[in-house]
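input10.txt follows (compact mmCIF, C-alpha atoms):
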```txt
# COMPACT_ATOMS: atom_id res chain seq x y z
CA MET H 67 65.12 90.40 134.29
CA THR H 68 62.11 92.53 133.31
CA ASP H 69 62.12 93.79 136.91
CA LEU H 70 65.44 95.40 136.15
CA ILE H 71 64.86 96.69 132.60
CA ILE H 72 62.08 99.20 133.24
CA PRO H 73 63.43 101.09 136.29
CA VAL H 74 66.97 101.15 134.88
CA PHE H 75 65.72 102.37 131.50
CA ILE H 76 63.67 105.16 133.13
CA ALA H 77 66.62 106.19 135.31
CA LEU H 78 68.99 106.22 132.33
CA VAL H 79 66.66 108.35 130.22
CA ILE H 80 66.28 110.88 133.04
CA LEU H 81 70.01 110.87 133.80
CA TYR H 82 70.87 111.37 130.13
CA GLY H 83 68.27 114.16 129.95
CA CYS H 84 69.90 115.90 132.93
CA LEU H 85 73.33 115.59 131.30
CA LYS H 86 71.93 117.14 128.09
CA LYS H 87 70.41 119.97 130.19
CA VAL H 88 66.82 118.97 129.39
CA LYS H 89 64.24 120.29 131.89
CA VAL H 90 63.26 116.72 132.74
CA PHE H 91 60.31 117.44 135.02
CA GLU H 92 58.69 119.98 132.70
CA GLU H 93 59.21 117.78 129.65
CA PHE H 94 57.83 114.75 131.50
CA THR H 95 54.62 116.53 132.47
CA ALA H 96 54.25 118.01 128.97
CA GLY H 97 54.53 114.54 127.41
CA ALA H 98 52.15 113.07 129.99
CA LYS H 99 49.62 115.83 129.34
CA SER H 100 49.61 115.28 125.58
CA ASN H 101 49.02 111.55 126.07
CA LEU H 102 46.24 112.23 128.58
CA ARG H 103 44.48 114.16 125.81
CA THR H 104 45.03 111.19 123.46
CA GLY H 105 43.56 108.85 126.08
CA ILE H 106 40.39 110.89 126.44
CA GLU H 107 40.05 111.10 122.67
CA ILE H 108 40.21 107.30 122.28
CA LEU H 109 37.80 106.46 125.14
CA PRO H 110 34.63 106.60 122.98
CA THR H 111 36.26 104.25 120.43
CA LEU H 112 37.27 101.88 123.21
CA ILE H 113 33.68 101.80 124.52
CA ALA H 114 32.24 101.15 121.04
CA MET H 115 34.73 98.44 120.06
CA LEU H 116 34.79 96.64 123.42
CA THR H 117 30.99 96.58 123.53
CA ALA H 118 30.87 95.03 120.04
CA ILE H 119 33.64 92.53 120.85
CA GLY H 120 32.12 91.72 124.27
CA MET H 121 28.69 91.02 122.78
CA PHE H 122 30.25 88.90 120.04
CA LYS H 123 32.17 86.83 122.57
CA ALA H 124 29.08 86.29 124.76
CA SER H 125 26.79 85.35 121.86
CA GLY H 126 28.32 81.93 121.25
CA ALA H 127 29.27 82.96 117.69
CA MET H 128 32.80 81.72 118.42
CA ASP H 129 31.56 78.15 119.00
CA ILE H 130 29.72 78.26 115.68
CA ILE H 131 32.91 79.45 113.96
CA ALA H 132 34.88 76.66 115.68
CA ASP H 133 32.37 74.03 114.51
CA PHE H 134 32.49 75.46 111.03
CA LEU H 135 36.30 75.32 110.98
CA SER H 136 36.76 71.85 112.46
CA PRO H 137 36.74 69.91 109.12
CA ILE H 138 39.51 72.19 107.84
CA THR H 139 41.58 71.96 111.00
CA ASP H 140 41.17 68.16 111.16
CA PHE H 141 42.59 68.02 107.68
CA LEU H 142 45.60 70.10 108.79
CA GLY H 143 46.26 67.89 111.82
CA PHE H 144 45.36 70.69 114.22
CA PRO H 145 44.39 69.24 117.64
CA ASP H 146 40.66 69.63 118.44
CA GLU H 147 41.42 70.77 121.99
CA CYS H 148 43.21 73.86 120.65
CA LEU H 149 40.44 74.99 118.30
CA PRO H 150 38.58 77.20 120.83
CA LEU H 151 41.93 78.83 121.68
CA ALA H 152 42.64 79.60 118.01
CA VAL H 153 39.18 81.14 117.60
CA ILE H 154 39.29 83.34 120.71
CA ARG H 155 42.98 84.28 120.52
CA PRO H 156 42.65 87.13 117.95
CA VAL H 157 39.64 88.58 119.79
CA SER H 158 40.37 88.54 123.50
CA GLY H 159 43.58 88.27 125.52
CA SER H 160 41.91 87.47 128.85
CA GLY H 161 39.52 85.08 127.06
CA ALA H 162 42.47 83.27 125.49
CA LEU H 163 44.14 82.91 128.91
CA ALA H 164 40.94 81.42 130.35
CA VAL H 165 40.65 78.95 127.45
CA PHE H 166 44.35 78.06 127.75
CA GLU H 167 43.89 77.33 131.48
CA SER H 168 40.94 75.06 130.76
CA ILE H 169 42.92 73.21 128.05
CA LEU H 170 45.76 72.55 130.50
CA GLU H 171 43.24 71.23 133.02
CA ASP H 172 42.04 68.71 130.43
CA VAL H 173 45.34 67.68 128.86
CA HIS H 174 48.86 67.62 130.28
CA PRO H 175 51.01 70.65 129.36
CA ASP H 176 53.64 68.25 127.97
CA SER H 177 51.17 66.44 125.70
CA PHE H 178 50.97 67.28 121.99
CA ALA H 179 47.81 69.41 122.33
CA GLY H 180 49.14 71.03 125.50
CA ARG H 181 52.34 72.06 123.78
CA VAL H 182 50.56 73.32 120.65
CA ALA H 183 48.27 75.43 122.85
CA SER H 184 51.31 76.85 124.68
CA VAL H 185 53.06 77.75 121.43
CA ILE H 186 49.88 79.40 120.09
CA LEU H 187 49.56 81.49 123.25
CA GLY H 188 53.24 82.46 123.12
CA SER H 189 53.47 83.29 119.45
CA THR H 190 50.25 85.15 118.60
CA GLU H 191 48.53 88.33 119.77
CA THR H 192 45.02 89.75 120.23
CA THR H 193 44.76 90.97 116.65
CA PHE H 194 41.27 92.53 116.62
CA TYR H 195 41.80 94.31 119.90
CA THR H 196 45.13 95.76 118.75
CA ILE H 197 43.70 96.95 115.43
CA ALA H 198 40.65 98.47 117.16
CA LEU H 199 42.83 100.24 119.71
CA TYR H 200 45.47 101.51 117.27
CA CYS H 201 43.02 102.63 114.59
CA GLY H 202 40.75 104.07 117.27
CA ALA H 203 43.63 106.14 118.61
CA THR H 204 43.90 107.85 115.23
CA ASN H 205 41.27 109.31 112.91
CA ILE H 206 41.60 106.33 110.57
CA ARG H 207 38.20 105.30 109.23
CA LYS H 208 39.27 103.42 106.10
CA THR H 209 41.42 100.51 107.27
CA ARG H 210 41.86 99.10 103.72
CA HIS H 211 43.37 95.60 103.91
CA THR H 212 44.83 95.86 107.47
CA LEU H 213 42.92 92.79 108.64
CA VAL H 214 44.16 90.44 105.88
CA PRO H 215 47.91 90.34 106.67
CA ALA H 216 47.15 90.41 110.41
CA LEU H 217 44.87 87.37 110.18
CA THR H 218 47.26 85.69 107.73
CA ALA H 219 49.95 85.96 110.40
CA ASP H 220 47.59 84.49 113.03
CA PHE H 221 46.58 81.61 110.79
CA ALA H 222 50.20 80.92 109.86
CA GLY H 223 50.97 80.99 113.60
CA PHE H 224 48.40 78.25 114.28
CA ILE H 225 49.70 76.06 111.46
CA PHE H 226 53.37 76.53 112.38
CA SER H 227 52.58 75.81 116.06
CA VAL H 228 51.51 72.31 115.04
CA LEU H 229 54.43 71.84 112.66
CA THR H 230 57.13 73.06 115.06
CA VAL H 231 55.80 70.99 117.99
CA ARG H 232 55.81 67.94 115.68
CA LEU H 233 59.32 68.75 114.53
CA PHE H 234 60.91 69.44 117.92
CA PHE H 235 59.06 66.96 120.16
CA SER H 236 58.77 63.65 118.34
CA MET M 5 35.51 99.41 107.71
CA MET M 6 35.13 100.48 111.36
CA ASN M 7 31.45 101.21 110.66
CA LYS M 8 30.90 97.82 109.02
CA PHE M 9 32.84 95.93 111.69
CA PHE M 10 30.92 97.62 114.51
CA ALA M 11 27.52 97.08 112.92
CA ALA M 12 28.24 93.49 111.85
CA ALA M 13 29.60 92.45 115.27
CA VAL M 14 26.57 93.82 117.14
CA ILE M 15 23.95 92.47 114.72
CA ILE M 16 25.54 89.01 114.41
CA SER M 17 25.89 88.83 118.21
CA VAL M 18 22.19 89.54 118.81
CA ILE M 19 21.05 87.03 116.15
CA CYS M 20 23.52 84.42 117.37
CA GLY M 21 22.57 85.07 121.00
CA ILE M 22 18.88 84.48 120.26
CA VAL M 23 19.58 81.33 118.20
CA THR M 24 22.00 79.75 120.69
CA GLY M 25 20.06 80.86 123.78
CA ASN M 26 22.95 83.03 125.01
CA ILE M 27 20.96 86.24 124.73
CA SER M 28 21.09 86.98 128.45
CA ALA M 29 24.90 86.80 128.30
CA VAL M 30 24.80 89.13 125.29
CA ALA M 31 22.61 91.55 127.23
CA GLU M 32 25.00 91.45 130.15
CA ALA M 33 27.97 92.03 127.81
CA ALA M 34 26.19 94.98 126.19
CA LEU M 35 25.67 96.61 129.59
CA ASN M 36 29.02 95.72 131.14
CA SER M 37 31.48 96.13 128.28
CA CYS M 38 31.33 99.92 128.50
CA VAL M 39 32.36 99.69 132.15
CA GLU M 40 35.18 97.34 131.13
CA ALA M 41 36.21 99.89 128.50
CA VAL M 42 36.47 102.60 131.16
CA GLU M 43 38.41 100.21 133.40
CA LEU M 44 40.78 99.53 130.51
CA PHE M 45 41.07 103.29 129.96
CA ILE M 46 42.01 103.81 133.62
CA TYR M 47 44.45 100.92 133.35
CA LEU M 48 46.02 102.34 130.18
CA ILE M 49 45.99 106.04 130.94
CA GLY M 50 48.54 105.95 133.75
CA GLY M 51 51.01 104.09 131.55
CA MET M 52 50.25 106.33 128.58
CA CYS M 53 51.02 109.45 130.62
CA MET M 54 54.08 107.93 132.25
CA TRP M 55 55.58 106.64 128.98
CA GLY M 56 54.54 109.80 127.14
CA GLY M 57 56.58 111.76 129.67
CA ILE M 58 59.62 109.47 129.45
CA MET M 59 59.36 109.47 125.65
CA GLN M 60 59.35 113.28 125.60
CA ILE M 61 62.53 113.43 127.72
CA ALA M 62 64.13 110.76 125.53
CA GLU M 63 63.17 112.69 122.41
CA LYS M 64 64.51 116.03 123.71
CA SER M 65 67.79 114.55 124.92
CA GLY M 66 68.38 112.47 121.79
CA VAL M 67 68.10 108.96 123.33
CA THR M 68 65.42 107.89 120.84
CA GLU M 69 67.73 108.78 117.94
CA LYS M 70 70.31 106.36 119.35
CA VAL M 71 67.73 103.55 119.71
CA ALA M 72 66.47 104.30 116.20
CA VAL M 73 69.93 103.77 114.68
CA ILE M 74 69.81 100.07 115.67
CA PHE M 75 66.54 99.56 113.80
CA ARG M 76 67.46 101.51 110.65
CA PRO M 77 68.51 98.52 108.49
CA ALA M 78 65.33 96.56 109.32
CA ALA M 79 63.18 99.66 108.89
CA LYS M 80 64.52 100.28 105.39
CA LEU M 81 63.27 96.82 104.40
CA LEU M 82 59.90 97.07 106.15
CA PHE M 83 58.77 100.66 105.68
CA LYS M 84 58.47 102.60 102.46
CA ASN M 85 59.50 106.28 102.36
CA LEU M 86 59.34 106.66 106.15
CA ASP M 87 61.37 109.56 107.56
CA LEU M 88 63.92 107.69 109.68
CA ASP M 89 64.74 110.87 111.62
CA GLY M 90 61.12 111.70 112.45
CA THR M 91 59.19 111.31 115.72
CA ALA M 92 57.03 108.57 114.22
CA PHE M 93 59.96 106.26 113.53
CA HIS M 94 61.39 106.95 117.00
CA ALA M 95 58.10 105.95 118.60
CA VAL M 96 57.95 102.85 116.36
CA CYS M 97 61.45 101.83 117.54
CA LEU M 98 60.58 102.23 121.23
CA ASN M 99 57.35 100.26 120.75
CA VAL M 100 59.17 97.41 118.97
CA THR M 101 61.86 97.35 121.69
CA ALA M 102 59.20 97.14 124.42
CA ASN M 103 57.44 94.34 122.50
CA ILE M 104 60.62 92.31 122.08
CA LEU M 105 61.38 92.61 125.80
CA GLY M 106 57.82 91.53 126.62
CA LEU M 107 56.90 94.84 128.27
CA GLY M 108 53.27 94.94 127.10
CA ASN M 109 52.33 97.73 129.49
CA ALA M 110 54.96 99.99 127.93
CA ALA M 111 54.45 98.78 124.35
CA THR M 112 50.77 99.73 124.05
CA PRO M 113 51.07 103.45 125.00
CA LEU M 114 54.16 103.77 122.78
CA GLY M 115 52.29 102.03 119.95
CA ILE M 116 49.39 104.48 120.23
CA GLU M 117 51.90 107.33 120.14
CA ALA M 118 53.60 105.81 117.07
CA MET M 119 50.27 105.43 115.23
CA ARG M 120 49.33 109.06 115.87
CA ALA M 121 52.76 110.26 114.79
CA LEU M 122 52.59 108.14 111.62
CA GLU M 123 49.15 109.57 110.90
CA ARG M 124 50.53 113.12 111.18
CA GLU M 125 53.73 112.53 109.23
CA GLU M 126 52.15 110.58 106.41
CA LYS M 127 49.08 112.87 106.20
CA ALA M 128 46.83 109.83 106.44
CA ASN M 129 43.61 111.83 106.12
CA GLY M 130 41.36 109.09 107.49
CA ILE M 131 42.80 106.38 105.23
CA ILE M 132 45.37 104.00 106.69
CA THR M 133 48.80 104.14 105.02
CA ASP M 134 50.97 101.18 103.95
CA ASN M 135 53.49 101.89 106.70
CA MET M 136 50.74 101.98 109.34
CA ILE M 137 49.54 98.56 108.15
CA ILE M 138 53.08 97.16 108.52
CA PHE M 139 53.38 98.73 111.97
CA ILE M 140 50.05 97.24 113.10
CA LEU M 141 51.22 93.86 111.79
CA LEU M 142 54.37 94.12 113.93
CA ASN M 143 52.08 94.55 116.94
CA THR M 144 49.43 91.93 116.08
CA SER M 145 52.10 89.27 115.58
CA SER M 146 53.98 88.54 118.75
CA LEU M 147 57.56 89.83 118.76
CA THR M 148 58.10 88.76 122.38
CA LEU M 149 61.29 86.76 122.90
CA ILE M 150 60.30 85.07 126.16
CA PRO M 151 56.80 83.50 126.39
CA SER M 152 56.59 84.19 130.14
CA THR M 153 52.79 83.99 130.56
CA ALA M 154 52.47 80.66 128.75
CA ALA M 155 55.46 79.29 130.68
CA SER M 156 54.13 80.29 134.11
CA LEU M 157 50.76 78.65 133.39
CA ARG M 158 52.55 75.52 132.11
CA LEU M 159 54.52 75.40 135.35
CA LYS M 160 51.32 75.75 137.37
CA HIS M 161 49.81 72.75 135.56
CA GLY M 162 52.83 70.52 136.09
CA ALA M 163 54.95 70.85 132.96
CA GLN M 164 58.36 69.31 133.46
CA PHE M 165 60.31 72.03 131.65
CA PRO M 166 57.86 74.95 131.15
CA MET M 167 60.28 76.80 128.87
CA ASP M 168 60.98 73.85 126.53
CA ILE M 169 58.50 75.41 124.08
CA LEU M 170 60.80 78.41 123.58
CA THR M 171 62.34 77.26 120.26
CA CYS M 172 58.90 76.41 118.85
CA VAL M 173 57.54 79.79 119.95
CA LEU M 174 60.43 81.71 118.38
CA VAL M 175 60.33 79.78 115.08
CA THR M 176 56.53 80.06 114.92
CA SER M 177 56.57 83.81 115.71
CA VAL M 178 59.12 84.55 113.01
CA LEU M 179 57.38 82.43 110.35
CA ALA M 180 53.96 83.90 111.25
CA LEU M 181 55.32 87.44 111.03
CA LEU M 182 56.98 86.66 107.68
CA SER M 183 53.70 85.26 106.31
CA GLY M 184 51.91 88.42 107.42
CA LEU M 185 54.60 90.64 105.91
CA ILE M 186 54.44 88.85 102.57
CA ALA M 187 50.65 89.28 102.54
CA ALA M 188 50.96 92.94 103.55
CA LYS M 189 53.64 93.73 100.96
CA ALA M 190 51.67 91.99 98.20
CA LEU M 191 48.43 93.79 99.11
CA ASN M 192 50.23 97.12 99.53
CA CYS M 193 51.55 96.77 96.00
CA THR M 194 48.25 95.76 94.42
CA SER M 195 46.28 98.42 96.26
CA ALA M 196 48.84 101.17 95.56
CA LEU M 197 46.99 102.07 92.38
CA SER M 198 43.48 102.21 93.85
CA CYS M 199 44.79 104.00 96.93
CA GLY M 200 46.46 106.59 94.72
CA LYS M 201 43.07 107.27 93.19
CA LEU M 202 41.51 107.49 96.66
CA LYS M 203 44.09 110.10 97.69
CA GLU M 204 43.40 112.14 94.56
CA VAL M 205 39.71 112.21 95.40
CA THR M 206 40.30 113.33 99.01
CA ASP M 207 42.87 115.92 97.93
```

Could you express the structure from this file as structure tokens?
Amino acid sequence: MTDLIIPVFIALVILYGCLKKVKVFEEFTAGAKSNLRTGIEILPTLIAMLTAIGMFKASGAMDIIADFLSPITDFLGFPDECLPLAVIRPVSGSGALAVFESILEDVHPDSFAGRVASVILGSTETTFYTIALYCGATNIRKTRHTLVPALTADFAGFIFSVLTVRLFFS
Amino acid sequence: MMNKFFAAAVIISVICGIVTGNISAVAEAALNSCVEAVELFIYLIGGMCMWGGIMQIAEKSGVTEKVAVIFRPAAKLLFKNLDLDGTAFHAVCLNVTANILGLGNAATPLGIEAMRALEREEKANGIITDNMIIFILLNTSSLTLIPSTAASLRLKHGAQFPMDILTCVLVTSVLALLSGLIAAKALNCTSALSCGKLKEVTD
């Protein structure tokens, strides 16, 4: 399905451009050039943020956060196996995939914890990375309360993963 | 906030690394993350240029206006005082479409474009605007309809029906996004006053 969407969309845009007498090649290169400039402008931000996030991930701080959170998550009925996934999910997409893989090696994908982990992976995003990238792409330095609703959505996602799996599979 | 986040992440990492004995991994991350950043840049830049080009053709020929019409009713609820005929809203619409279809490689470059256009149109002046916060929230909560990555890994590990989580994923995504939106709207309202003062100072 996705194999079809992208090429067809590109072809339709170019075809429609031709019909509307747009100089498609010149406009394409002009758009590409302006985004190349954007890309070079955001590279320093990417280096700074990814270094900070990379060091944080390697330091074991995540495990400490997970330990700290476990009494709360036990209370909410959140499976222990999924805790590392919930902690790494907002920070690193590739990290979350690695943790998800290791969870599925330990528990069956059709078990409760396996399903909760799958729903978490499918319904949340790499929040910190997205905020760093999007704010880094602009000259925004004061991010006000951006992080609060974003993390609220993540947290709600973890809770509702447990609730929906309970509701639909038991 | 960027300054504090950057400083806090680095300092906490070093302290944590020493305490937990992971300091060699931290050192390695410090040296290698910049290379990863450049790799990510290379990975992103092709898509950014390609989608920037397609977006420019779409903008000039009026395709984006047509896509934008579909999202108008939702946008009126979500965004406050956003020019629904402007470039920023067009880029927002294309980014949301790409997200819904699960085209992450297309969504990110379009999202960056949308953020920059929002910054210009709303004269952000270094301070994030309410509409930018809502837009970021749309991207940090997953709008994807089909959880293809999770499903393919479930299949690999022997799930009987890898896609049977679909309903749960959809319900969870919607409820998570709603929770985020409620938080964002509430905070946008309460901070409207202080932000107004901030704007006066910078003006």

Quiz prompt | Check: which chain M residues lie within 6 Å of chain H using all atoms listed in the file, as a ChimeraX atom specification | solution = /M:5,13-14,17,20-21,26,29-30,33-34,37-38,41,52-54,56-58,60-62,65,116,120,130-132,137,141,144-146,151,154,158,163,172-173,176-177,180-181,183-184,187-188

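For the choices M:Cys193, M:Met167, M:Leu149, M:Ala155, the atom-to-atom distance to Leu105 (chain M) is smallest for M:Leu149 when using only C-alpha atoms.
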
Exercise. Anything within 9 Å of (55.5, 96.5, 105.1): list those residues as a list in words, counting only C-alpha atoms and sticking to the file's coordinates.
Key: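 Collected hits near the coordinates: Leu81, Leu82, Phe83, Lys84, Asp134, Asn135, Met136, Ile137, Ile138, Phe139, Leu141, Leu185, Ile186, Ala188, Lys189 and Asn192 of chain M.
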
Exercise. Take CA of Glu147 (chain H) and CA of Ile169 (chain H) and report the distance between them in Å, one decimal.
Key: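 Rounded to one decimal, the two atoms are 6.7 Å apart.
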
Practice problem: Just give me the gap between CA of Thr148 (chain M) and CA of Asn103 (chain M) in Å, one decimal is fine. | Solution: 5.6 Å

Practice problem: May I have the residues within 9 Å of Val165 (chain H) as number ranges by chain, using all atoms listed in the file and disregarding those fewer than 5 positions away in the same chain? | Solution: H: 148, 150-151, 154, 160, 170

Region 83-98 of chain M: axis-aligned bounding box, 8 Å on each side, centre and edge lengths in Å, one decimal, as lines of an AutoDock Vina configuration file:
```
center_x = 60.9
center_y = 106.2
center_z = 111.8
size_x = 23.7
size_y = 27.0
size_z = 34.9
```
